[in-house]
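Contents: one structure, followed by commentary.
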Amino acid sequence: MRTNGRESGSDAAGRVVVAVVGPTATGKSDLAIELALRLAPSDGVQGEVVNADAFQLYRGMDVGTAKVPVEQRRGVVHHQLDVIDPSEEASVAAFQREARADVARILGRGGRPVVAGGSGLYVRALLDHIEFPPTDPGVRAALERRAEVEGTRPLHDELARRDPQAAANIGAGNTKRIVRALEVIEITGEPFSAHLPVQEHVRPTVQIGLDHDRAALDARVAARVERMWRDGLVDEVRALRGRGMGRTASRAVGYAEVLAMLDGEIDEAEAQERTVAATRRLTRKQMGWFGRDPRIVWLDAQAPDVVEQALAVVERADAGTLDPVDLTVPVRRTLGS
(Lines give C-alpha, C1' and ligand atoms only; values in the text may rest on other atoms or scores of the structure.)
Protein backbone atom coordinates (compact mmCIF):
# COMPACT_ATOMS: atom_id res chain seq x y z
CA MET A 1 0.00 0.00 0.00
CA ARG A 2 1.25 3.53 -0.75
CA THR A 3 0.13 6.81 0.78
CA ASN A 4 1.36 10.13 -0.63
CA GLY A 5 4.23 8.30 -2.28
CA ARG A 6 5.37 6.57 0.90
CA GLU A 7 5.21 2.90 1.78
CA SER A 8 3.08 1.96 4.75
CA GLY A 9 1.77 -1.23 6.28
CA SER A 10 2.64 -4.69 4.92
CA ASP A 11 1.18 -7.99 3.84
CA ALA A 12 2.47 -9.68 7.02
CA ALA A 13 0.74 -8.13 10.02
CA GLY A 14 2.38 -4.72 9.73
CA ARG A 15 5.92 -6.01 9.22
CA VAL A 16 7.79 -4.24 6.46
CA VAL A 17 10.75 -5.77 4.68
CA VAL A 18 13.99 -4.39 6.14
CA ALA A 19 17.06 -3.78 3.99
CA VAL A 20 20.53 -2.88 5.31
CA VAL A 21 22.60 -1.28 2.56
CA GLY A 22 25.70 0.82 2.03
CA PRO A 23 29.40 0.51 1.27
CA THR A 24 31.61 -2.49 1.93
CA ALA A 25 33.13 -2.79 5.43
CA THR A 26 30.50 -0.71 7.25
CA GLY A 27 29.04 -3.62 9.26
CA LYS A 28 25.93 -4.46 7.22
CA SER A 29 26.07 -8.20 7.89
CA ASP A 30 26.40 -7.80 11.66
CA LEU A 31 23.54 -5.30 11.83
CA ALA A 32 21.32 -7.52 9.66
CA ILE A 33 21.88 -10.48 12.00
CA GLU A 34 21.15 -8.34 15.06
CA LEU A 35 17.95 -7.00 13.51
CA ALA A 36 16.82 -10.50 12.53
CA LEU A 37 17.22 -11.55 16.16
CA ARG A 38 15.67 -8.46 17.70
CA LEU A 39 12.72 -8.04 15.34
CA ALA A 40 11.06 -11.34 16.27
CA PRO A 41 7.33 -10.76 16.94
CA SER A 42 5.61 -11.82 20.14
CA ASP A 43 5.14 -15.37 18.86
CA GLY A 44 8.92 -15.73 18.68
CA VAL A 45 9.29 -16.29 14.94
CA GLN A 46 12.85 -15.21 14.16
CA GLY A 47 13.83 -12.97 11.29
CA GLU A 48 15.88 -14.32 8.38
CA VAL A 49 18.58 -12.66 6.29
CA VAL A 50 18.44 -12.51 2.49
CA ASN A 51 21.83 -11.81 0.93
CA ALA A 52 22.04 -9.15 -1.80
CA ASP A 53 25.79 -9.22 -2.36
CA ALA A 54 26.49 -10.53 -5.87
CA PHE A 55 29.71 -12.36 -5.02
CA GLN A 56 28.41 -14.00 -1.87
CA LEU A 57 26.13 -16.01 -4.16
CA TYR A 58 29.19 -18.06 -5.13
CA ARG A 59 30.10 -21.27 -3.32
CA GLY A 60 33.59 -21.24 -1.90
CA MET A 61 34.10 -17.48 -2.26
CA ASP A 62 34.06 -16.97 1.48
CA VAL A 63 37.15 -15.18 2.74
CA GLY A 64 37.36 -12.64 -0.09
CA THR A 65 33.69 -11.67 0.17
CA ALA A 66 33.71 -11.47 3.99
CA LYS A 67 30.91 -14.03 4.14
CA VAL A 68 29.82 -14.51 7.76
CA PRO A 69 30.81 -18.06 8.80
CA VAL A 70 27.91 -20.32 9.80
CA GLU A 71 29.08 -20.50 13.41
CA GLN A 72 28.94 -16.69 13.66
CA ARG A 73 25.42 -16.28 12.26
CA ARG A 74 23.96 -16.85 15.72
CA GLY A 75 21.39 -19.30 14.44
CA VAL A 76 19.88 -16.82 11.97
CA VAL A 77 18.88 -18.47 8.69
CA HIS A 78 20.55 -16.95 5.63
CA HIS A 79 19.29 -17.14 2.04
CA GLN A 80 21.03 -16.57 -1.31
CA LEU A 81 24.44 -17.64 -0.05
CA ASP A 82 26.42 -20.38 -1.83
CA VAL A 83 23.83 -20.92 -4.54
CA ILE A 84 26.02 -21.03 -7.69
CA ASP A 85 29.48 -22.30 -8.59
CA PRO A 86 32.29 -19.83 -9.39
CA SER A 87 32.48 -21.33 -12.87
CA GLU A 88 28.94 -20.02 -13.56
CA GLU A 89 27.88 -16.48 -14.44
CA ALA A 90 25.59 -14.85 -11.89
CA SER A 91 22.23 -13.71 -13.25
CA VAL A 92 20.52 -10.76 -11.61
CA ALA A 93 17.22 -11.87 -13.16
CA ALA A 94 17.54 -15.32 -11.56
CA PHE A 95 18.53 -13.71 -8.28
CA GLN A 96 15.47 -11.47 -8.42
CA ARG A 97 13.14 -14.41 -8.95
CA GLU A 98 14.63 -16.60 -6.25
CA ALA A 99 15.27 -13.90 -3.65
CA ARG A 100 11.73 -12.56 -3.97
CA ALA A 101 10.46 -16.10 -3.42
CA ASP A 102 12.60 -16.27 -0.25
CA VAL A 103 11.10 -13.01 1.01
CA ALA A 104 7.57 -14.25 0.31
CA ARG A 105 8.21 -17.51 2.17
CA ILE A 106 9.69 -15.71 5.18
CA LEU A 107 6.68 -13.40 5.38
CA GLY A 108 4.37 -16.38 4.89
CA ARG A 109 5.69 -18.11 7.97
CA GLY A 110 5.46 -14.94 10.06
CA GLY A 111 9.12 -13.96 9.95
CA ARG A 112 10.89 -10.74 9.16
CA PRO A 113 12.97 -10.60 5.97
CA VAL A 114 16.18 -8.62 6.47
CA VAL A 115 17.94 -7.96 3.17
CA ALA A 116 21.66 -7.22 3.44
CA GLY A 117 24.10 -6.28 0.71
CA GLY A 118 26.10 -3.67 -1.10
CA SER A 119 25.46 -4.69 -4.72
CA GLY A 120 23.21 -1.86 -5.82
CA LEU A 121 21.63 -3.55 -8.83
CA TYR A 122 20.87 -6.70 -6.85
CA VAL A 123 19.31 -4.70 -4.03
CA ARG A 124 17.10 -2.80 -6.47
CA ALA A 125 16.22 -5.95 -8.41
CA LEU A 126 14.92 -7.51 -5.21
CA LEU A 127 13.17 -4.48 -3.72
CA ASP A 128 12.02 -2.33 -6.64
CA HIS A 129 9.82 -2.60 -9.71
CA ILE A 130 12.39 -3.60 -12.33
CA GLU A 131 12.02 -5.94 -15.28
CA PHE A 132 14.87 -7.54 -17.16
CA PRO A 133 14.43 -7.67 -20.95
CA PRO A 134 15.30 -10.90 -22.76
CA THR A 135 18.70 -11.59 -24.24
CA ASP A 136 19.74 -13.01 -27.62
CA PRO A 137 23.31 -14.36 -27.85
CA GLY A 138 23.30 -13.98 -31.62
CA VAL A 139 22.24 -10.34 -31.58
CA ARG A 140 24.70 -9.56 -28.81
CA ALA A 141 27.58 -11.32 -30.58
CA ALA A 142 26.90 -9.36 -33.78
CA LEU A 143 26.90 -6.07 -31.87
CA GLU A 144 30.11 -7.01 -30.05
CA ARG A 145 31.77 -7.79 -33.39
CA ARG A 146 30.68 -4.40 -34.69
CA ALA A 147 32.17 -2.74 -31.62
CA GLU A 148 35.48 -4.49 -32.26
CA VAL A 149 35.56 -3.56 -35.94
CA GLU A 150 33.96 -0.11 -35.92
CA GLY A 151 34.74 1.02 -32.39
CA THR A 152 32.27 2.03 -29.71
CA ARG A 153 31.52 5.55 -30.98
CA PRO A 154 29.44 4.51 -34.03
CA LEU A 155 27.34 2.24 -31.82
CA HIS A 156 26.77 5.05 -29.35
CA ASP A 157 25.76 7.33 -32.23
CA GLU A 158 23.25 4.71 -33.36
CA LEU A 159 21.90 4.46 -29.82
CA ALA A 160 21.51 8.25 -29.76
CA ARG A 161 19.36 8.05 -32.89
CA ARG A 162 17.23 5.14 -31.66
CA ASP A 163 16.97 6.03 -27.96
CA PRO A 164 18.29 9.52 -27.07
CA GLN A 165 17.41 9.11 -23.39
CA ALA A 166 19.46 5.93 -23.06
CA ALA A 167 22.38 7.43 -24.96
CA ALA A 168 22.39 10.45 -22.66
CA ASN A 169 22.68 8.18 -19.62
CA ILE A 170 25.32 5.79 -21.02
CA GLY A 171 28.87 6.98 -21.54
CA ALA A 172 30.21 6.85 -25.08
CA GLY A 173 33.01 4.55 -23.94
CA ASN A 174 30.83 2.06 -22.06
CA THR A 175 30.80 -0.67 -24.70
CA LYS A 176 29.06 -3.26 -22.55
CA ARG A 177 26.06 -1.07 -21.74
CA ILE A 178 25.81 0.33 -25.27
CA VAL A 179 25.72 -3.19 -26.69
CA ARG A 180 23.10 -4.24 -24.15
CA ALA A 181 20.91 -1.22 -24.93
CA LEU A 182 21.03 -1.87 -28.68
CA GLU A 183 20.40 -5.58 -28.08
CA VAL A 184 17.21 -4.79 -26.12
CA ILE A 185 16.03 -2.36 -28.79
CA GLU A 186 16.64 -4.95 -31.50
CA ILE A 187 14.87 -7.75 -29.63
CA THR A 188 11.89 -5.88 -28.20
CA GLY A 189 11.41 -3.06 -30.69
CA GLU A 190 11.12 -0.73 -27.70
CA PRO A 191 13.53 1.90 -26.35
CA PHE A 192 16.00 0.58 -23.81
CA SER A 193 15.03 3.47 -21.55
CA ALA A 194 11.49 2.06 -21.33
CA HIS A 195 12.90 -0.84 -19.31
CA LEU A 196 14.78 1.24 -16.74
CA PRO A 197 13.77 0.67 -13.09
CA VAL A 198 11.67 3.05 -11.06
CA GLN A 199 12.23 3.88 -7.39
CA GLU A 200 9.15 2.12 -6.10
CA HIS A 201 9.22 -0.86 -3.78
CA VAL A 202 7.36 -4.00 -4.79
CA ARG A 203 6.55 -4.59 -1.10
CA PRO A 204 6.43 -2.18 1.83
CA THR A 205 10.11 -1.78 2.67
CA VAL A 206 12.43 0.32 4.78
CA GLN A 207 16.03 0.76 3.65
CA ILE A 208 18.62 1.53 6.32
CA GLY A 209 21.95 2.79 5.01
CA LEU A 210 25.16 2.60 7.00
CA ASP A 211 27.29 5.69 6.49
CA HIS A 212 30.89 5.91 7.66
CA ASP A 213 33.56 8.57 7.99
CA ARG A 214 35.80 8.29 4.95
CA ALA A 215 39.14 8.11 6.78
CA ALA A 216 37.82 5.57 9.26
CA LEU A 217 36.31 3.48 6.47
CA ASP A 218 39.58 3.51 4.54
CA ALA A 219 41.32 2.20 7.66
CA ARG A 220 38.68 -0.50 8.08
CA VAL A 221 39.18 -1.56 4.47
CA ALA A 222 42.93 -1.89 4.95
CA ALA A 223 42.44 -3.91 8.13
CA ARG A 224 39.84 -6.08 6.43
CA VAL A 225 42.15 -6.92 3.52
CA GLU A 226 44.98 -7.73 5.91
CA ARG A 227 42.63 -10.03 7.83
CA MET A 228 41.54 -11.75 4.62
CA TRP A 229 45.14 -12.48 3.74
CA ARG A 230 45.69 -13.84 7.24
CA ASP A 231 42.52 -15.95 7.00
CA GLY A 232 43.67 -17.69 3.83
CA LEU A 233 42.46 -15.69 0.82
CA VAL A 234 45.42 -16.82 -1.31
CA ASP A 235 44.75 -20.50 -0.57
CA GLU A 236 41.04 -19.97 -1.26
CA VAL A 237 41.72 -18.43 -4.67
CA ARG A 238 44.26 -21.11 -5.54
CA ALA A 239 41.70 -23.84 -4.77
CA LEU A 240 38.92 -22.09 -6.70
CA ARG A 241 41.14 -21.62 -9.74
CA GLY A 242 41.88 -25.33 -9.70
CA ARG A 243 38.15 -26.05 -9.96
CA GLY A 244 37.53 -23.36 -12.57
CA MET A 245 36.43 -19.73 -12.20
CA GLY A 246 34.19 -17.93 -14.66
CA ARG A 247 34.72 -14.43 -15.95
CA THR A 248 32.57 -12.72 -13.31
CA ALA A 249 33.97 -14.57 -10.31
CA SER A 250 37.56 -14.08 -11.43
CA ARG A 251 37.05 -10.31 -11.67
CA ALA A 252 35.84 -9.89 -8.09
CA VAL A 253 37.89 -7.52 -5.96
CA GLY A 254 40.60 -9.47 -4.18
CA TYR A 255 40.22 -12.51 -6.39
CA ALA A 256 41.45 -10.72 -9.52
CA GLU A 257 44.49 -9.42 -7.67
CA VAL A 258 45.39 -12.79 -6.19
CA LEU A 259 44.97 -14.48 -9.57
CA ALA A 260 47.40 -11.95 -11.05
CA MET A 261 49.82 -12.81 -8.25
CA LEU A 262 49.46 -16.55 -8.84
CA ASP A 263 50.14 -15.96 -12.54
CA GLY A 264 53.37 -14.18 -11.66
CA GLU A 265 52.25 -10.77 -12.92
CA ILE A 266 52.68 -9.05 -9.54
CA ASP A 267 54.14 -9.99 -6.17
CA GLU A 268 52.13 -10.61 -3.02
CA ALA A 269 52.71 -7.16 -1.51
CA GLU A 270 51.43 -5.49 -4.66
CA ALA A 271 48.44 -7.84 -4.82
CA GLN A 272 47.48 -6.81 -1.30
CA GLU A 273 48.00 -3.12 -2.03
CA ARG A 274 45.90 -3.35 -5.20
CA THR A 275 43.13 -5.10 -3.28
CA VAL A 276 43.01 -2.31 -0.72
CA ALA A 277 42.91 0.33 -3.47
CA ALA A 278 40.23 -1.53 -5.44
CA THR A 279 38.09 -2.01 -2.34
CA ARG A 280 38.29 1.69 -1.52
CA ARG A 281 37.20 2.54 -5.07
CA LEU A 282 34.32 0.12 -4.64
CA THR A 283 33.15 1.87 -1.47
CA ARG A 284 33.04 5.20 -3.36
CA LYS A 285 31.04 3.61 -6.15
CA GLN A 286 28.60 1.99 -3.71
CA MET A 287 28.05 5.24 -1.85
CA GLY A 288 27.45 7.01 -5.14
CA TRP A 289 24.81 4.44 -6.04
CA PHE A 290 22.98 4.33 -2.71
CA GLY A 291 23.48 8.03 -2.02
CA ARG A 292 21.14 8.86 -4.91
CA ASP A 293 18.20 7.00 -3.35
CA PRO A 294 16.15 9.43 -1.20
CA ARG A 295 14.22 6.58 0.43
CA ILE A 296 17.22 5.34 2.40
CA VAL A 297 17.42 6.28 6.08
CA TRP A 298 21.11 6.86 6.77
CA LEU A 299 22.63 6.01 10.14
CA ASP A 300 26.15 6.53 11.38
CA ALA A 301 27.76 3.09 11.37
CA GLN A 302 30.12 4.22 14.15
CA ALA A 303 27.33 5.26 16.53
CA PRO A 304 27.39 3.11 19.70
CA ASP A 305 23.59 2.86 19.61
CA VAL A 306 23.26 2.14 15.87
CA VAL A 307 21.25 -1.04 16.56
CA GLU A 308 18.76 0.85 18.72
CA GLN A 309 18.50 3.57 16.09
CA ALA A 310 17.81 0.98 13.40
CA LEU A 311 15.15 -0.69 15.53
CA ALA A 312 13.46 2.68 16.04
CA VAL A 313 13.46 3.28 12.27
CA VAL A 314 11.83 -0.10 11.66
CA GLU A 315 9.24 0.54 14.36
CA ARG A 316 8.20 3.78 12.66
CA ALA A 317 8.17 2.10 9.26
CA ASP A 318 5.88 -0.63 10.63
CA ALA A 319 3.58 2.07 11.98
CA GLY A 320 3.58 3.96 8.68
CA THR A 321 4.97 7.13 10.27
CA LEU A 322 8.49 7.08 8.80
CA ASP A 323 9.86 9.97 6.78
CA PRO A 324 13.49 9.26 5.80
CA VAL A 325 14.22 12.97 5.38
CA ASP A 326 13.32 13.65 9.02
CA LEU A 327 15.41 10.82 10.46
CA THR A 328 18.46 10.42 8.26
CA VAL A 329 21.91 11.63 9.29
CA PRO A 330 23.65 13.84 6.72
CA VAL A 331 25.18 11.56 4.09
CA ARG A 332 28.93 12.03 3.93
CA ARG A 333 29.18 13.14 0.31
CA THR A 334 32.96 12.69 0.43
CA LEU A 335 32.24 9.01 -0.14
CA GLY A 336 30.01 9.38 -3.12
CA SER A 337 30.82 12.62 -4.86
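Scheme for the C-alpha coordinates: letters A, B, ... for chains in order shown; per-chain residue numbers from 1; ligand numbers from 1 in order shown.
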
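All residues of range 15-52 of chain A that DSSP, run on the backbone, classes as helix (DSSP H, G or I) are Lys28, Ser29, Asp30, Leu31, Ala32, Ile33, Glu34, Leu35, Ala36, Leu37 and Arg38 of chain A.
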
### Task
Within 7 Å of range 199-213 of chain A, counting only C-alpha atoms, which residues show up once you throw out same-chain ones fewer than 2 positions away? Write them as a PyMOL selection string, please.
chain A and resi 7-10+16-22+26+127-129+197+215-217+295-302+314+317+331

## Note on the structure
Of A:Glu190, A:Asp157, A:Asp163, A:Glu34, the one nearest to Gln72 in chain A when counting only C-alpha atoms is A:Glu34

### Message
I want to know what sits within 9 Å of range 87-91 of chain A, based on only C-alpha atoms, with residues of the same chain fewer than 2 positions away left out; could you give that as a PyMOL selection string?
### Response
chain A and resi 54-55+57-58+84-85+93-96+240+243-250

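Using only C-alpha atoms, the nearest neighbour of Trp229 in chain A within the list A:Gln46, A:Val63, A:Thr135, A:Gln309 is A:Val63.
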
Taking 3 positions as the minimum chain separation for residues in the same chain, which residues sit within 10 Å of Ile185 in chain A when counting only C-alpha atoms? Answer as a PDB file with N, CA, C and O atoms, in the first residue's frame.
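Now in selection.pdb:
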ATOM      1  N   PRO A 133      14.785  -7.265 -19.583  1.00  0.00           N
ATOM      2  CA  PRO A 133      14.434  -7.666 -20.946  1.00  0.00           C
ATOM      3  C   PRO A 133      15.169  -8.949 -21.334  1.00  0.00           C
ATOM      4  O   PRO A 133      16.216  -9.288 -20.761  1.00  0.00           O
ATOM      5  N   LEU A 159      22.767   4.450 -30.998  1.00  0.00           N
ATOM      6  CA  LEU A 159      21.899   4.457 -29.822  1.00  0.00           C
ATOM      7  C   LEU A 159      21.269   5.830 -29.633  1.00  0.00           C
ATOM      8  O   LEU A 159      20.081   5.942 -29.296  1.00  0.00           O
ATOM      9  N   ARG A 162      18.339   6.048 -31.942  1.00  0.00           N
ATOM     10  CA  ARG A 162      17.229   5.138 -31.659  1.00  0.00           C
ATOM     11  C   ARG A 162      16.637   5.340 -30.272  1.00  0.00           C
ATOM     12  O   ARG A 162      15.460   5.028 -30.039  1.00  0.00           O
ATOM     13  N   ASP A 163      17.451   5.825 -29.336  1.00  0.00           N
ATOM     14  CA  ASP A 163      16.975   6.026 -27.962  1.00  0.00           C
ATOM     15  C   ASP A 163      17.810   7.129 -27.315  1.00  0.00           C
ATOM     16  O   ASP A 163      18.750   6.856 -26.569  1.00  0.00           O
ATOM     17  N   VAL A 179      26.109  -1.952 -26.012  1.00  0.00           N
ATOM     18  CA  VAL A 179      25.723  -3.192 -26.687  1.00  0.00           C
ATOM     19  C   VAL A 179      24.425  -3.737 -26.107  1.00  0.00           C
ATOM     20  O   VAL A 179      23.514  -4.152 -26.837  1.00  0.00           O
ATOM     21  N   ARG A 180      24.318  -3.731 -24.779  1.00  0.00           N
ATOM     22  CA  ARG A 180      23.096  -4.243 -24.148  1.00  0.00           C
ATOM     23  C   ARG A 180      21.885  -3.408 -24.545  1.00  0.00           C
ATOM     24  O   ARG A 180      20.811  -3.947 -24.840  1.00  0.00           O
ATOM     25  N   ALA A 181      22.036  -2.080 -24.567  1.00  0.00           N
ATOM     26  CA  ALA A 181      20.914  -1.221 -24.932  1.00  0.00           C
ATOM     27  C   ALA A 181      20.451  -1.493 -26.359  1.00  0.00           C
ATOM     28  O   ALA A 181      19.249  -1.621 -26.626  1.00  0.00           O
ATOM     29  N   LEU A 182      21.394  -1.599 -27.281  1.00  0.00           N
ATOM     30  CA  LEU A 182      21.035  -1.869 -28.675  1.00  0.00           C
ATOM     31  C   LEU A 182      20.442  -3.276 -28.824  1.00  0.00           C
ATOM     32  O   LEU A 182      19.539  -3.489 -29.642  1.00  0.00           O
ATOM     33  N   THR A 188      13.243  -6.250 -28.636  1.00  0.00           N
ATOM     34  CA  THR A 188      11.895  -5.882 -28.197  1.00  0.00           C
ATOM     35  C   THR A 188      11.213  -4.868 -29.108  1.00  0.00           C
ATOM     36  O   THR A 188       9.979  -4.742 -29.078  1.00  0.00           O
ATOM     37  N   GLY A 189      11.994  -4.132 -29.901  1.00  0.00           N
ATOM     38  CA  GLY A 189      11.414  -3.061 -30.693  1.00  0.00           C
ATOM     39  C   GLY A 189      11.025  -1.857 -29.870  1.00  0.00           C
ATOM     40  O   GLY A 189      10.364  -0.944 -30.372  1.00  0.00           O
ATOM     41  N   GLU A 190      11.432  -1.834 -28.602  1.00  0.00           N
ATOM     42  CA  GLU A 190      11.121  -0.732 -27.696  1.00  0.00           C
ATOM     43  C   GLU A 190      12.403  -0.034 -27.273  1.00  0.00           C
ATOM     44  O   GLU A 190      13.481  -0.639 -27.289  1.00  0.00           O
ATOM     45  N   PRO A 191      12.330   1.218 -26.852  1.00  0.00           N
ATOM     46  CA  PRO A 191      13.526   1.899 -26.353  1.00  0.00           C
ATOM     47  C   PRO A 191      14.071   1.189 -25.116  1.00  0.00           C
ATOM     48  O   PRO A 191      13.292   0.678 -24.291  1.00  0.00           O
ATOM     49  N   PHE A 192      15.377   1.157 -25.000  1.00  0.00           N
ATOM     50  CA  PHE A 192      15.996   0.577 -23.812  1.00  0.00           C
ATOM     51  C   PHE A 192      15.565   1.338 -22.566  1.00  0.00           C
ATOM     52  O   PHE A 192      15.354   0.746 -21.496  1.00  0.00           O
ATOM     53  N   SER A 193      15.400   2.651 -22.694  1.00  0.00           N
ATOM     54  CA  SER A 193      15.026   3.473 -21.545  1.00  0.00           C
ATOM     55  C   SER A 193      13.653   3.105 -20.989  1.00  0.00           C
ATOM     56  O   SER A 193      13.357   3.379 -19.821  1.00  0.00           O
ATOM     57  N   ALA A 194      12.814   2.471 -21.806  1.00  0.00           N
ATOM     58  CA  ALA A 194      11.489   2.062 -21.327  1.00  0.00           C
ATOM     59  C   ALA A 194      11.582   0.945 -20.298  1.00  0.00           C
ATOM     60  O   ALA A 194      10.618   0.682 -19.574  1.00  0.00           O
TER      61      ALA A 194
END

### Task
Write out as an MDAnalysis selection string the residues lying within 9 Å of Glu144 in chain A, counting only C-alpha atoms and excluding same-chain residues fewer than 5 positions away.
chainID A and resid 139 149 175:176 179

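On the backbone of this structure, DSSP gives strand (DSSP E) within range 181-223 of chain A to A:Thr205, A:Val206, A:Gln207, A:Ile208, A:Gly209, A:Leu210, A:Asp211.
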
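For the pair CA of Arg38 in chain A and CA of Leu311 in chain A, the separation is 8.1 Å.
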
### Task
Choose the residue, out of A:Val307, A:Pro134, A:Gly232, A:Ala269, that has the smallest atom-to-atom separation from Ala36 in chain A; count only C-alpha atoms.
A:Val307
